[in-house]
$ cat entry-v2.csv   # CSV, C-alpha atoms
chain,number,residue,atom,x,y,z
A,61,MET,CA,0.0,0.0,0.0
A,62,THR,CA,2.6,2.4,1.1
A,63,ALA,CA,4.8,1.6,-1.9
A,64,SER,CA,2.0,2.2,-4.4
A,65,ALA,CA,1.1,5.5,-2.7
A,66,THR,CA,4.6,6.7,-2.9
A,67,SER,CA,4.9,5.8,-6.5
A,68,ALA,CA,1.6,7.5,-7.2
A,69,ALA,CA,2.9,10.6,-5.4
A,70,SER,CA,6.1,10.5,-7.4
A,71,ALA,CA,4.2,10.0,-10.6
A,72,GLN,CA,2.2,13.1,-9.7
A,73,ASP,CA,5.4,15.0,-9.0
A,74,ASN,CA,6.7,14.0,-12.4
A,75,THR,CA,3.6,15.3,-14.2
A,76,SER,CA,3.5,18.6,-12.3
A,77,ALA,CA,7.2,19.0,-13.0
A,78,GLY,CA,6.6,18.1,-16.6
A,79,GLN,CA,3.8,20.7,-16.9
A,80,ASP,CA,6.1,23.3,-15.3
A,81,LYS,CA,8.7,22.5,-17.9
A,82,THR,CA,6.6,22.8,-21.0
A,83,ASN,CA,6.7,26.5,-21.3
A,84,ALA,CA,6.9,26.5,-25.1
A,85,ALA,CA,4.7,24.4,-27.2
A,86,GLY,CA,6.1,20.9,-27.6
A,87,SER,CA,9.5,21.6,-26.1
A,88,ARG,CA,11.0,19.4,-23.5
A,89,GLY,CA,11.2,21.9,-20.7
A,90,SER,CA,13.6,24.0,-18.7
A,91,GLN,CA,17.1,24.4,-20.2
A,92,PRO,CA,19.8,21.9,-19.3
A,93,PRO,CA,22.9,23.1,-17.3
A,94,VAL,CA,25.3,25.1,-19.5
A,95,PRO,CA,28.5,23.1,-19.9
A,96,GLU,CA,31.8,24.6,-18.9
A,97,GLY,CA,33.5,26.4,-21.8
A,98,ALA,CA,30.3,27.1,-23.6
A,99,ILE,CA,29.8,30.4,-25.5
A,100,THR,CA,26.5,32.0,-26.3
A,101,ILE,CA,25.8,32.0,-30.0
A,102,THR,CA,23.0,33.8,-31.8
A,103,VAL,CA,21.2,31.4,-34.1
A,104,LYS,CA,19.3,33.3,-36.7
A,105,ILE,CA,16.7,31.0,-38.4
A,106,ARG,CA,14.6,31.8,-41.4
A,107,ARG,CA,11.1,30.7,-40.3
A,108,PHE,CA,8.0,30.3,-42.3
A,109,ASN,CA,4.7,28.8,-41.0
A,110,THR,CA,2.5,28.6,-44.1
A,111,GLU,CA,-0.6,28.5,-41.9
A,112,PHE,CA,0.0,31.8,-40.2
A,113,ASP,CA,2.7,33.7,-42.0
A,114,ASP,CA,2.3,35.6,-45.3
A,115,GLU,CA,6.0,35.5,-45.9
A,116,PRO,CA,9.2,34.1,-44.2
A,117,ARG,CA,10.6,35.9,-41.3
A,118,TRP,CA,13.9,35.8,-39.3
A,119,GLU,CA,14.0,34.7,-35.7
A,120,SER,CA,17.0,34.7,-33.4
A,121,PHE,CA,17.7,32.5,-30.5
A,122,GLN,CA,20.5,32.7,-27.9
A,123,VAL,CA,22.0,29.2,-27.6
A,124,PRO,CA,24.9,28.1,-25.4
A,125,ALA,CA,27.3,26.0,-27.4
A,126,LEU,CA,30.6,24.3,-27.1
A,127,PRO,CA,33.1,24.8,-30.0
A,128,THR,CA,32.9,21.0,-30.6
A,129,ASP,CA,29.1,21.1,-31.0
A,130,ARG,CA,27.5,20.6,-34.4
A,131,VAL,CA,25.0,23.1,-35.9
A,132,LEU,CA,22.5,20.3,-35.5
A,133,ASN,CA,23.0,20.5,-31.7
A,134,LEU,CA,22.1,24.2,-31.8
A,135,LEU,CA,18.9,23.4,-33.7
A,136,HIS,CA,18.1,20.6,-31.1
A,137,HIS,CA,18.6,23.1,-28.3
A,138,VAL,CA,16.2,25.5,-29.9
A,139,LYS,CA,13.6,22.9,-30.6
A,140,TRP,CA,13.9,21.0,-27.3
A,141,TYR,CA,14.2,24.0,-24.9
A,142,LEU,CA,13.3,27.3,-26.5
A,143,ASP,CA,10.7,26.8,-29.2
A,144,GLY,CA,9.2,23.4,-29.9
A,145,THR,CA,7.5,24.7,-33.1
A,146,LEU,CA,10.8,24.9,-35.0
A,147,THR,CA,10.6,22.3,-37.8
A,148,PHE,CA,13.5,20.7,-39.6
A,149,ARG,CA,14.4,17.2,-40.8
A,150,ARG,CA,17.1,15.1,-39.4
A,151,SER,CA,17.5,11.4,-38.9
A,152,CYS,CA,20.9,9.8,-38.3
A,153,ALA,CA,22.6,13.0,-37.3
A,154,HIS,CA,25.9,11.6,-38.6
A,155,GLY,CA,26.1,12.7,-42.2
A,156,ILE,CA,24.9,9.5,-43.7
A,157,CYS,CA,21.1,9.8,-44.2
A,158,GLY,CA,21.2,13.2,-45.9
A,159,SER,CA,18.1,14.6,-44.2
A,160,ASP,CA,19.4,17.8,-42.6
A,161,ALA,CA,20.6,19.7,-45.7
A,162,MET,CA,20.2,23.5,-45.0
A,163,ARG,CA,21.8,26.8,-45.9
A,164,ILE,CA,24.2,27.6,-43.1
A,165,ASN,CA,25.8,31.1,-43.3
A,166,GLY,CA,24.8,31.2,-47.0
A,167,VAL,CA,26.2,27.9,-48.1
A,168,ASN,CA,24.5,24.5,-48.4
A,169,ARG,CA,25.7,22.1,-45.7
A,170,LEU,CA,24.5,19.2,-43.6
A,171,ALA,CA,23.8,20.6,-40.1
A,172,CYS,CA,25.2,17.4,-38.6
A,173,LYS,CA,28.6,17.9,-40.3
A,174,VAL,CA,29.3,21.5,-39.5
A,175,LEU,CA,31.1,22.3,-36.3
A,176,VAL,CA,30.5,25.5,-34.3
A,177,LYS,CA,34.2,26.1,-34.0
A,178,ASP,CA,34.5,26.5,-37.8
A,179,LEU,CA,31.8,29.2,-37.7
A,180,LEU,CA,33.1,31.3,-34.8
A,181,ALA,CA,33.6,35.0,-35.4
A,182,GLY,CA,37.2,35.9,-34.9
A,183,GLY,CA,38.6,38.6,-32.5
A,184,GLY,CA,36.3,37.8,-29.6
A,185,LYS,CA,33.2,39.1,-31.5
A,186,ALA,CA,29.8,37.6,-30.9
A,187,THR,CA,28.9,34.8,-33.3
A,188,THR,CA,25.8,34.7,-35.4
A,189,ILE,CA,24.9,31.7,-37.4
A,190,THR,CA,22.2,32.1,-40.0
A,191,ILE,CA,20.2,29.0,-41.0
A,192,GLU,CA,17.8,29.0,-44.0
A,193,PRO,CA,16.0,26.2,-45.8
A,194,ILE,CA,17.7,25.0,-49.0
A,195,LYS,CA,16.7,27.2,-52.0
A,196,GLY,CA,14.7,26.3,-55.1
A,197,LEU,CA,12.3,23.8,-53.4
A,198,PRO,CA,8.9,24.9,-52.0
A,199,VAL,CA,9.0,25.4,-48.2
A,200,HIS,CA,6.5,23.5,-46.2
A,201,LYS,CA,7.5,24.9,-42.8
A,202,ASP,CA,10.6,26.6,-41.4
A,203,LEU,CA,13.6,24.4,-42.7
A,204,LEU,CA,11.4,21.7,-44.1
A,205,VAL,CA,11.1,21.7,-47.9
A,206,ASP,CA,9.1,19.7,-50.4
A,207,MET,CA,11.7,17.3,-51.8
A,208,GLU,CA,9.4,15.8,-54.4
A,209,PRO,CA,10.6,17.9,-57.4
A,210,PHE,CA,14.1,16.8,-56.5
A,211,PHE,CA,13.2,13.1,-56.3
A,212,GLU,CA,11.2,13.4,-59.5
A,213,ALA,CA,14.3,14.5,-61.4
A,214,PHE,CA,16.2,11.7,-59.7
A,215,ARG,CA,13.7,9.1,-60.8
A,216,ALA,CA,13.6,10.5,-64.4
A,217,VAL,CA,17.2,9.5,-65.1
A,218,LYS,CA,16.5,5.8,-64.3
A,219,PRO,CA,18.8,5.4,-61.3
A,220,TYR,CA,18.9,1.6,-61.3
A,221,LEU,CA,20.7,-1.2,-63.0
A,222,ILE,CA,19.3,-2.0,-66.4
A,223,ASN,CA,20.7,-5.1,-68.1
A,224,TYR,CA,19.0,-6.8,-71.0
A,225,GLY,CA,21.1,-9.9,-71.0
A,226,GLN,CA,20.4,-13.2,-69.4
A,227,GLU,CA,20.5,-12.9,-65.6
A,228,PRO,CA,23.6,-14.5,-64.3
A,229,THR,CA,23.4,-17.3,-61.7
A,230,ARG,CA,26.0,-15.6,-59.5
A,231,GLU,CA,26.8,-12.0,-58.9
A,232,ARG,CA,27.7,-9.7,-61.8
A,233,ILE,CA,31.4,-9.4,-61.6
A,234,GLN,CA,33.4,-6.3,-62.5
A,235,SER,CA,37.1,-5.4,-62.5
A,236,ALA,CA,38.5,-3.0,-60.0
A,237,ALA,CA,39.3,-0.6,-62.8
A,238,ASP,CA,35.7,-0.7,-64.1
A,239,ARG,CA,34.5,-0.1,-60.6
A,240,GLU,CA,36.8,2.8,-60.1
A,241,ARG,CA,35.3,4.6,-63.2
A,242,PHE,CA,32.2,5.6,-61.3
A,243,ASP,CA,33.4,5.2,-57.7
A,244,ASP,CA,33.0,8.9,-56.9
A,245,THR,CA,29.4,9.1,-57.8
A,246,THR,CA,28.4,6.1,-55.8
A,247,LYS,CA,28.9,8.2,-52.7
A,248,CYS,CA,25.7,10.3,-53.2
A,249,ILE,CA,23.3,10.4,-50.3
A,250,LEU,CA,20.6,12.4,-52.1
A,251,CYS,CA,20.7,15.2,-49.5
A,252,ALA,CA,20.0,17.8,-52.3
A,253,CYS,CA,22.8,20.1,-51.1
A,254,CYS,CA,24.2,20.3,-54.7
A,255,THR,CA,20.9,20.7,-56.6
A,256,THR,CA,19.7,23.4,-54.3
A,257,SER,CA,23.0,25.3,-54.5
A,258,CYS,CA,22.8,25.5,-58.3
A,259,PRO,CA,21.8,28.9,-59.7
A,260,VAL,CA,20.3,27.4,-62.8
A,261,TYR,CA,18.1,25.2,-60.6
A,262,TRP,CA,17.0,28.2,-58.5
A,263,THR,CA,15.6,29.9,-61.6
A,264,GLU,CA,14.4,26.9,-63.6
A,265,GLY,CA,13.1,23.9,-61.7
A,266,SER,CA,12.8,21.8,-64.7
A,267,TYR,CA,16.6,21.4,-65.0
A,268,PHE,CA,17.5,17.9,-63.8
A,269,GLY,CA,20.1,19.3,-61.4
A,270,PRO,CA,23.5,18.1,-60.3
A,271,ALA,CA,22.2,15.2,-58.1
A,272,ALA,CA,20.2,13.6,-60.8
A,273,ILE,CA,23.1,13.9,-63.2
A,274,VAL,CA,25.5,12.4,-60.6
A,275,ASN,CA,23.2,9.4,-60.2
A,276,ALA,CA,22.8,9.0,-63.9
A,277,HIS,CA,26.7,9.1,-64.1
A,278,ARG,CA,26.8,6.3,-61.6
A,279,PHE,CA,25.0,4.0,-64.0
A,280,ILE,CA,26.1,5.4,-67.3
A,281,PHE,CA,29.7,4.5,-66.5
A,282,ASP,CA,28.9,1.2,-64.9
A,283,SER,CA,30.2,-1.6,-67.1
A,284,ARG,CA,27.4,-3.9,-65.9
A,285,ASP,CA,24.7,-1.5,-67.1
A,286,GLU,CA,23.4,-1.5,-70.6
A,287,ALA,CA,21.1,1.6,-70.6
A,288,ALA,CA,23.8,4.3,-70.9
A,289,GLU,CA,22.3,5.4,-74.3
A,290,GLU,CA,18.8,5.9,-72.7
A,291,ARG,CA,20.2,8.0,-69.9
A,292,LEU,CA,22.4,10.0,-72.2
A,293,ASP,CA,19.4,10.7,-74.4
A,294,ILE,CA,17.5,12.0,-71.4
A,295,LEU,CA,20.3,14.2,-70.4
A,296,ASN,CA,21.0,15.5,-73.9
A,297,ASP,CA,17.7,17.5,-73.9
A,298,VAL,CA,17.2,21.1,-73.0
A,299,ASP,CA,16.9,20.4,-69.3
A,300,GLY,CA,19.9,18.1,-69.2
A,301,VAL,CA,23.6,18.6,-68.9
A,302,TRP,CA,23.9,21.4,-71.4
A,303,ARG,CA,22.1,23.7,-68.8
A,304,CYS,CA,25.1,23.3,-66.5
A,305,ARG,CA,27.1,26.6,-66.4
A,306,THR,CA,30.0,25.1,-64.4
A,307,THR,CA,29.7,27.5,-61.4
A,308,PHE,CA,31.0,24.7,-59.2
A,309,ASN,CA,28.5,25.5,-56.4
A,310,CYS,CA,27.5,21.9,-56.4
A,311,THR,CA,31.1,20.6,-55.9
A,312,ASP,CA,31.5,23.1,-53.1
A,313,ALA,CA,28.3,22.1,-51.4
A,314,CYS,CA,28.6,18.3,-51.6
A,315,PRO,CA,29.0,16.9,-48.0
A,316,ARG,CA,30.4,13.7,-49.4
A,317,GLY,CA,33.1,15.4,-51.4
A,318,ILE,CA,31.9,14.2,-54.8
A,319,GLN,CA,33.4,16.1,-57.7
A,320,VAL,CA,29.9,16.9,-59.0
A,321,THR,CA,30.9,19.4,-61.7
A,322,LYS,CA,33.5,16.9,-63.0
A,323,ALA,CA,30.8,14.2,-63.2
A,324,ILE,CA,28.6,16.5,-65.2
A,325,GLN,CA,31.5,17.3,-67.5
A,326,GLU,CA,32.2,13.6,-68.0
A,327,VAL,CA,28.5,13.1,-69.1
A,328,LYS,CA,28.9,16.0,-71.5
A,329,ARG,CA,32.1,14.4,-72.9
A,330,ALA,CA,30.3,11.0,-73.3
A,331,LEU,CA,27.6,12.8,-75.3
A,332,LEU,CA,30.2,14.7,-77.4
A,333,PHE,CA,32.4,11.8,-78.2
A,334,LYS,CA,29.9,9.0,-77.9
A,335,ARG,CA,32.3,7.2,-75.6
A,336,VAL,CA,31.2,5.8,-72.3
B,30,MET,CA,2.7,25.5,-52.1
B,31,ALA,CA,1.7,24.9,-48.6
B,32,THR,CA,0.6,21.4,-47.8
B,33,THR,CA,-1.3,20.9,-44.6
B,34,THR,CA,-2.7,17.7,-43.1
B,35,ASP,CA,-6.2,18.7,-44.1
B,36,GLN,CA,-5.4,18.3,-47.8
B,37,GLN,CA,-6.0,14.9,-49.2
B,38,LEU,CA,-2.9,13.1,-50.2
B,39,VAL,CA,-2.9,12.6,-53.9
B,40,LEU,CA,-0.6,9.9,-55.2
B,41,ALA,CA,0.5,9.9,-58.8
B,42,ARG,CA,-0.2,6.8,-60.8
B,43,PRO,CA,2.8,4.4,-60.7
B,44,ARG,CA,5.2,5.0,-63.6
B,45,ALA,CA,3.2,8.1,-64.6
B,46,PRO,CA,5.6,10.2,-66.7
B,47,ARG,CA,6.0,13.7,-65.3
B,48,ARG,CA,8.5,15.0,-67.8
B,49,PRO,CA,8.0,15.1,-71.5
B,50,ALA,CA,9.9,12.4,-73.3
B,51,ALA,CA,13.4,13.3,-74.5
B,52,ARG,CA,13.3,14.8,-77.9
B,53,ARG,CA,16.3,12.7,-79.0
B,54,ASN,CA,18.0,15.4,-81.0
B,55,ASN,CA,21.4,17.0,-80.6
B,56,PHE,CA,20.4,20.7,-80.9
B,57,GLU,CA,21.5,21.5,-77.3
B,58,LEU,CA,24.7,19.6,-77.8
B,59,TYR,CA,25.5,21.5,-81.0
B,60,SER,CA,24.6,24.9,-79.6
B,61,TRP,CA,26.8,24.2,-76.6
B,62,MET,CA,29.7,23.3,-78.9
B,63,PHE,CA,29.0,26.2,-81.1
B,64,MET,CA,29.3,28.6,-78.1
B,65,ARG,CA,32.8,27.2,-77.3
B,66,ILE,CA,34.1,27.3,-80.9
B,67,SER,CA,32.6,30.7,-81.9
B,68,GLY,CA,33.8,32.1,-78.6
B,69,MET,CA,37.4,31.2,-79.3
B,70,ALA,CA,37.1,32.5,-82.9
B,71,LEU,CA,35.6,35.8,-81.6
B,72,VAL,CA,38.4,36.4,-79.2
B,73,ILE,CA,40.7,36.7,-82.2
B,74,LEU,CA,38.2,38.4,-84.6
B,75,VAL,CA,37.0,41.0,-82.1
B,76,LEU,CA,40.3,41.8,-80.5
B,77,GLY,CA,41.9,42.1,-83.9
B,78,HIS,CA,39.1,44.4,-85.0
B,79,LEU,CA,39.4,46.6,-82.0
B,80,LEU,CA,43.2,46.8,-82.4
B,81,ILE,CA,42.9,47.9,-86.0
B,82,MET,CA,40.0,50.3,-85.5
B,83,ASN,CA,40.9,51.9,-82.2
B,84,ILE,CA,44.7,51.6,-81.6
B,85,LEU,CA,46.9,51.3,-84.7
B,86,ASP,CA,47.9,54.3,-86.7
B,87,GLY,CA,46.0,57.0,-84.8
B,88,GLY,CA,43.1,54.9,-83.9
B,89,VAL,CA,39.5,55.9,-84.2
B,90,HIS,CA,40.2,59.4,-85.6
B,91,ARG,CA,41.3,58.2,-89.0
B,92,ILE,CA,38.1,56.2,-89.6
B,93,ASN,CA,36.0,57.6,-92.5
B,94,TRP,CA,34.4,56.4,-95.7
B,95,GLY,CA,37.7,56.1,-97.4
B,96,PHE,CA,39.2,54.0,-94.7
B,97,VAL,CA,36.4,51.5,-94.8
B,98,ALA,CA,36.4,51.5,-98.6
B,99,GLY,CA,40.1,50.8,-98.6
B,100,ARG,CA,39.8,47.9,-96.1
B,101,TRP,CA,36.8,46.4,-97.9
B,102,ALA,CA,38.7,46.4,-101.2
B,103,SER,CA,40.3,43.3,-99.9
B,104,PRO,CA,38.1,40.2,-99.7
B,105,PHE,CA,40.1,39.1,-96.6
B,106,TRP,CA,38.7,42.0,-94.5
B,107,ARG,CA,35.2,41.5,-95.9
B,108,LEU,CA,35.4,37.9,-94.9
B,109,TRP,CA,36.7,38.9,-91.5
B,110,ASP,CA,33.9,41.3,-90.9
B,111,LEU,CA,31.3,38.9,-92.3
B,112,LEU,CA,32.5,36.1,-90.0
B,113,MET,CA,32.6,38.5,-87.0
B,114,LEU,CA,29.0,39.6,-87.7
B,115,TRP,CA,27.6,36.1,-88.1
B,116,LEU,CA,29.5,34.6,-85.2
B,117,ALA,CA,28.8,37.5,-82.8
B,118,GLN,CA,25.1,37.5,-83.7
B,119,LEU,CA,24.7,33.8,-83.3
B,120,HIS,CA,26.9,33.6,-80.2
B,121,GLY,CA,25.1,36.5,-78.5
B,122,GLY,CA,21.7,35.3,-79.7
B,123,ASN,CA,22.3,31.8,-78.4
B,124,GLY,CA,23.5,33.2,-75.1
B,125,LEU,CA,20.4,35.3,-74.7
B,126,ARG,CA,18.3,32.2,-75.7
B,127,THR,CA,19.7,30.3,-72.7
B,128,VAL,CA,19.2,33.4,-70.4
B,129,ILE,CA,15.6,33.6,-71.5
B,130,ASN,CA,15.2,29.8,-71.0
B,131,ASP,CA,16.6,30.1,-67.5
B,132,TYR,CA,14.8,33.2,-66.3
B,133,ALA,CA,11.5,33.5,-68.0
B,134,ARG,CA,8.8,32.3,-65.6
B,135,LYS,CA,5.8,31.9,-67.9
B,136,ASP,CA,5.7,29.9,-71.2
B,137,ALA,CA,4.1,32.8,-73.0
B,138,THR,CA,6.8,35.3,-71.8
B,139,ARG,CA,9.5,32.8,-72.9
B,140,PHE,CA,7.9,32.4,-76.3
B,141,TRP,CA,7.5,36.1,-77.1
B,142,LEU,CA,10.9,37.1,-75.7
B,143,LYS,CA,12.5,34.4,-77.9
B,144,MET,CA,10.5,35.5,-80.9
B,145,ALA,CA,11.7,39.1,-80.4
B,146,LEU,CA,15.2,37.9,-80.1
B,147,TYR,CA,15.1,35.8,-83.3
B,148,VAL,CA,13.5,38.6,-85.3
B,149,SER,CA,16.2,41.0,-84.2
B,150,MET,CA,18.9,38.5,-85.0
B,151,VAL,CA,17.6,37.9,-88.5
B,152,LEU,CA,17.2,41.7,-89.1
B,153,ILE,CA,20.7,42.6,-88.0
B,154,VAL,CA,22.4,39.7,-89.7
B,155,SER,CA,20.6,40.4,-93.0
B,156,LEU,CA,21.2,44.1,-92.9
B,157,GLY,CA,24.9,43.6,-92.1
B,158,THR,CA,25.4,40.9,-94.7
B,159,LEU,CA,23.6,43.0,-97.3
B,160,VAL,CA,26.0,46.0,-96.6
B,161,ILE,CA,29.1,43.8,-96.7
B,162,PHE,CA,28.2,42.3,-100.0
B,163,THR,CA,26.8,45.3,-101.8
B,164,PHE,CA,29.1,48.0,-100.5
B,165,ASP,CA,30.1,50.3,-103.3
B,166,PRO,CA,33.1,52.5,-102.7
B,167,ASN,CA,32.3,54.8,-105.6
B,168,ILE,CA,28.9,55.8,-104.4
B,169,THR,CA,28.2,59.5,-104.7
B,170,ASN,CA,25.7,61.8,-103.1

$ encode --input "entry-v2.csv" --output "structure tokens"
Amino acid sequence: MTASATSAASAQDNTSAGQDKTNAAGSRGSQPPVPEGAITITVKIRRFNTEFDDEPRWESFQVPALPTDRVLNLLHHVKWYLDGTLTFRRSCAHGICGSDAMRINGVNRLACKVLVKDLLAGGGKATTITIEPIKGLPVHKDLLVDMEPFFEAFRAVKPYLINYGQEPTRERIQSAADRERFDDTTKCILCACCTTSCPVYWTEGSYFGPAAIVNAHRFIFDSRDEAAEERLDILNDVDGVWRCRTTFNCTDACPRGIQVTKAIQEVKRALLFKRV
Amino acid sequence: MATTTDQQLVLARPRAPRRPAARRNNFELYSWMFMRISGMALVILVLGHLLIMNILDGGVHRINWGFVAGRWASPFWRLWDLLMLWLAQLHGGNGLRTVINDYARKDATRFWLKMALYVSMVLIVSLGTLVIFTFDPNITN
């Protein structure tokens, strides 16, 4: 009896404490202790709630951060302790899933791969980090964008193995040299950093964009694949590789270090010289 | 643009094509290659033209009817100017075509801007070509 009464009382304590903590909608509650060595950083986020806002607005939060923190930690701090209505995507938080692509200080990066120490203002000045949604895709809310146009372009280049021959009874073997030919473009995680950093894509959404071309490249130069011609035909059109202006934004943005512009140039070369 | 949970989720039919099929012609390839080749040719043609017209032998002050007539007596300079006219028009026109393709928002705007561009290109190329071929140094008032 006594034990259950105590547990009931403690449960009640928990709920009241929980209610006390939820000061902002959906957030976890009062702020955690600030770690030693933390500095206060202004996180300036471009917010847009399509239900209430006519247009996007900037909102700043003061967030304590260690230099070794990632930008994603700052967003977590805002969402969990300051304003639970902040909306963004993230999944693995380790640069593998490609969910948290955003514009950080004006360049496309994965929030989970950028460290605070690399964004600190020099000379003891206060640091402001601006975070915007990736450009060129419709914003659903805050940092959350509609990725469908991006994936539509991806699907349109047939990003899967096509082989018209008899299916082998064992795996399709390939020499190390043949594998090396498209090794760089196998690293793509479809985060959309490259496509949404491309000025051509910003103004003309029907352009396939760097990511789709990278994924076409991955199969065009695969010795086991037989549909290089089909993909080259698709990319030879007005929305294909000839739209690329070689501004190298995509190569700079890629969190996986793929030489995106080089891959696009290789597709152009394959079209020009009919050599795969 | 905004999608809320109230809206019904509409799924496209599986394999429904969303892009028009590729046109399977090499126009964009050739226009891309033309830009590179004509660009290289124009570096020589235009810089040479500017050098002759504006810098050598007193530059722009000596240019008059007689100077042009003297230069165009040679088929070499007529060919030079003809090439420069055609390449510059096509190069610039194709550049503007890609700019219009990139930046025009509406299909109708895109169409009419391109029509205006093509008409102006044809007019200028025809007028220039006509002058180069029918230039008469002995014309009198």

$ closest_atom_pairs --input "entry-v2.csv" --of "region 34-141 of chain B" --to "region 145-159 of chain B" --cutoff "12 Å" --atoms "only C-alpha atoms" --output "JSON lines"
{"residue": "B:Arg107", "atom": "CA", "partner": "B:Thr158", "partner_atom": "CA", "distance": 9.9}
{"residue": "B:Leu108", "atom": "CA", "partner": "B:Thr158", "partner_atom": "CA", "distance": 10.4}
{"residue": "B:Trp109", "atom": "CA", "partner": "B:Thr158", "partner_atom": "CA", "distance": 11.9}
{"residue": "B:Asp110", "atom": "CA", "partner": "B:Thr158", "partner_atom": "CA", "distance": 9.3}
{"residue": "B:Leu111", "atom": "CA", "partner": "B:Thr158", "partner_atom": "CA", "distance": 6.7}
{"residue": "B:Leu112", "atom": "CA", "partner": "B:Thr158", "partner_atom": "CA", "distance": 9.8}
{"residue": "B:Met113", "atom": "CA", "partner": "B:Gly157", "partner_atom": "CA", "distance": 10.6}
{"residue": "B:Leu114", "atom": "CA", "partner": "B:Val154", "partner_atom": "CA", "distance": 6.9}
{"residue": "B:Trp115", "atom": "CA", "partner": "B:Val154", "partner_atom": "CA", "distance": 6.5}
{"residue": "B:Leu116", "atom": "CA", "partner": "B:Val154", "partner_atom": "CA", "distance": 9.8}
{"residue": "B:Ala117", "atom": "CA", "partner": "B:Val154", "partner_atom": "CA", "distance": 9.7}
{"residue": "B:Gln118", "atom": "CA", "partner": "B:Met150", "partner_atom": "CA", "distance": 6.4}
{"residue": "B:Leu119", "atom": "CA", "partner": "B:Met150", "partner_atom": "CA", "distance": 7.7}
{"residue": "B:His120", "atom": "CA", "partner": "B:Met150", "partner_atom": "CA", "distance": 10.5}
{"residue": "B:Gly121", "atom": "CA", "partner": "B:Met150", "partner_atom": "CA", "distance": 9.2}
{"residue": "B:Gly122", "atom": "CA", "partner": "B:Met150", "partner_atom": "CA", "distance": 6.8}
{"residue": "B:Asn123", "atom": "CA", "partner": "B:Leu146", "partner_atom": "CA", "distance": 9.5}
{"residue": "B:Gly124", "atom": "CA", "partner": "B:Leu146", "partner_atom": "CA", "distance": 10.8}
{"residue": "B:Leu125", "atom": "CA", "partner": "B:Leu146", "partner_atom": "CA", "distance": 7.9}
{"residue": "B:Arg126", "atom": "CA", "partner": "B:Leu146", "partner_atom": "CA", "distance": 7.8}
{"residue": "B:Thr127", "atom": "CA", "partner": "B:Leu146", "partner_atom": "CA", "distance": 11.5}
{"residue": "B:Val128", "atom": "CA", "partner": "B:Leu146", "partner_atom": "CA", "distance": 11.4}
{"residue": "B:Ile129", "atom": "CA", "partner": "B:Leu146", "partner_atom": "CA", "distance": 9.6}
{"residue": "B:Thr138", "atom": "CA", "partner": "B:Ala145", "partner_atom": "CA", "distance": 10.6}
{"residue": "B:Arg139", "atom": "CA", "partner": "B:Ala145", "partner_atom": "CA", "distance": 10.0}
{"residue": "B:Phe140", "atom": "CA", "partner": "B:Ala145", "partner_atom": "CA", "distance": 8.7}
{"residue": "B:Trp141", "atom": "CA", "partner": "B:Ala145", "partner_atom": "CA", "distance": 6.1}

$ residues_around --input "entry-v2.csv" --residues "Ala186 (chain A)" --least-positions-apart "6" --cutoff "8 Å" --atoms "all atoms listed in the file" --output "list in words"
Thr100, Ile101 and Thr102 of chain A

$ closest_residue --input "entry-v2.csv" --among "A:Asn296, A:Ser235, A:Ser151, A:Thr188" --to "chain B" --atoms "all atoms listed in the file"
A:Asn296

$ atom_distance --input "entry-v2.csv" --atom1 "CA of Asp285 (chain A)" --atom2 "CA of Thr256 (chain A)"
28.4 Å

$ atom_distance --input "entry-v2.csv" --atom1 "CA of Ala330 (chain A)" --atom2 "CA of Phe279 (chain A)"
12.8 Å

$ closest_atom_pairs --input "entry-v2.csv" --of "chain A" --to "chain B" --cutoff "7 Å" --atoms "all atoms listed in the file" --output "CSV"
residue,atom,partner,partner_atom,distance
A:Thr110,CA,B:Ala31,CA,5.9
A:Pro198,CA,B:Met30,CA,6.2
A:His200,CA,B:Ala31,CA,5.5
A:Val260,CA,B:Asp131,CA,6.6
A:Thr263,CA,B:Tyr132,CA,5.8
A:Glu264,CA,B:Asp131,CA,5.5
A:Asp293,CA,B:Arg53,CA,5.9
A:Ile294,CA,B:Ala51,CA,5.3
A:Asn296,CA,B:Leu58,CA,6.8
A:Asp297,CA,B:Ala51,CA,6.0
A:Val298,CA,B:Glu57,CA,6.1
A:Trp302,CA,B:Glu57,CA,6.4

$ residues_near_point --input "entry-v2.csv" --point "(21.6, 21.7, -21.9)" --cutoff "12 Å" --atoms "only C-alpha atoms" --output "list in words"
Arg88, Gly89, Ser90, Gln91, Pro92, Pro93, Val94, Pro95, Glu96, Ala98, Val123, Pro124, Ala125, Leu126, Asp129, Asn133, Leu134, His136, His137, Val138, Lys139, Trp140, Tyr141 and Leu142 of chain A

$ atom_distance --input "entry-v2.csv" --atom1 "CA of Trp118 (chain A)" --atom2 "CA of Ile105 (chain A)"
5.6 Å

$ residues_around --input "entry-v2.csv" --residues "Ala288 (chain A)" --least-positions-apart "6" --cutoff "9 Å" --atoms "only C-alpha atoms" --output "mmCIF file with C-alpha atoms, in the coordinates of the input"
data_model
loop_
_atom_site.group_PDB
_atom_site.id
_atom_site.type_symbol
_atom_site.label_atom_id
_atom_site.label_comp_id
_atom_site.auth_asym_id
_atom_site.auth_seq_id
_atom_site.Cartn_x
_atom_site.Cartn_y
_atom_site.Cartn_z
ATOM 1 C CA ILE A 222 19.300 -2.000 -66.400
ATOM 2 C CA ALA A 276 22.800 9.000 -63.900
ATOM 3 C CA HIS A 277 26.700 9.100 -64.100
ATOM 4 C CA PHE A 279 25.000 4.000 -64.000
ATOM 5 C CA ILE A 280 26.100 5.400 -67.300
ATOM 6 C CA PHE A 281 29.700 4.500 -66.500
ATOM 7 C CA ASP A 282 28.900 1.200 -64.900
ATOM 8 C CA VAL A 336 31.200 5.800 -72.300
#
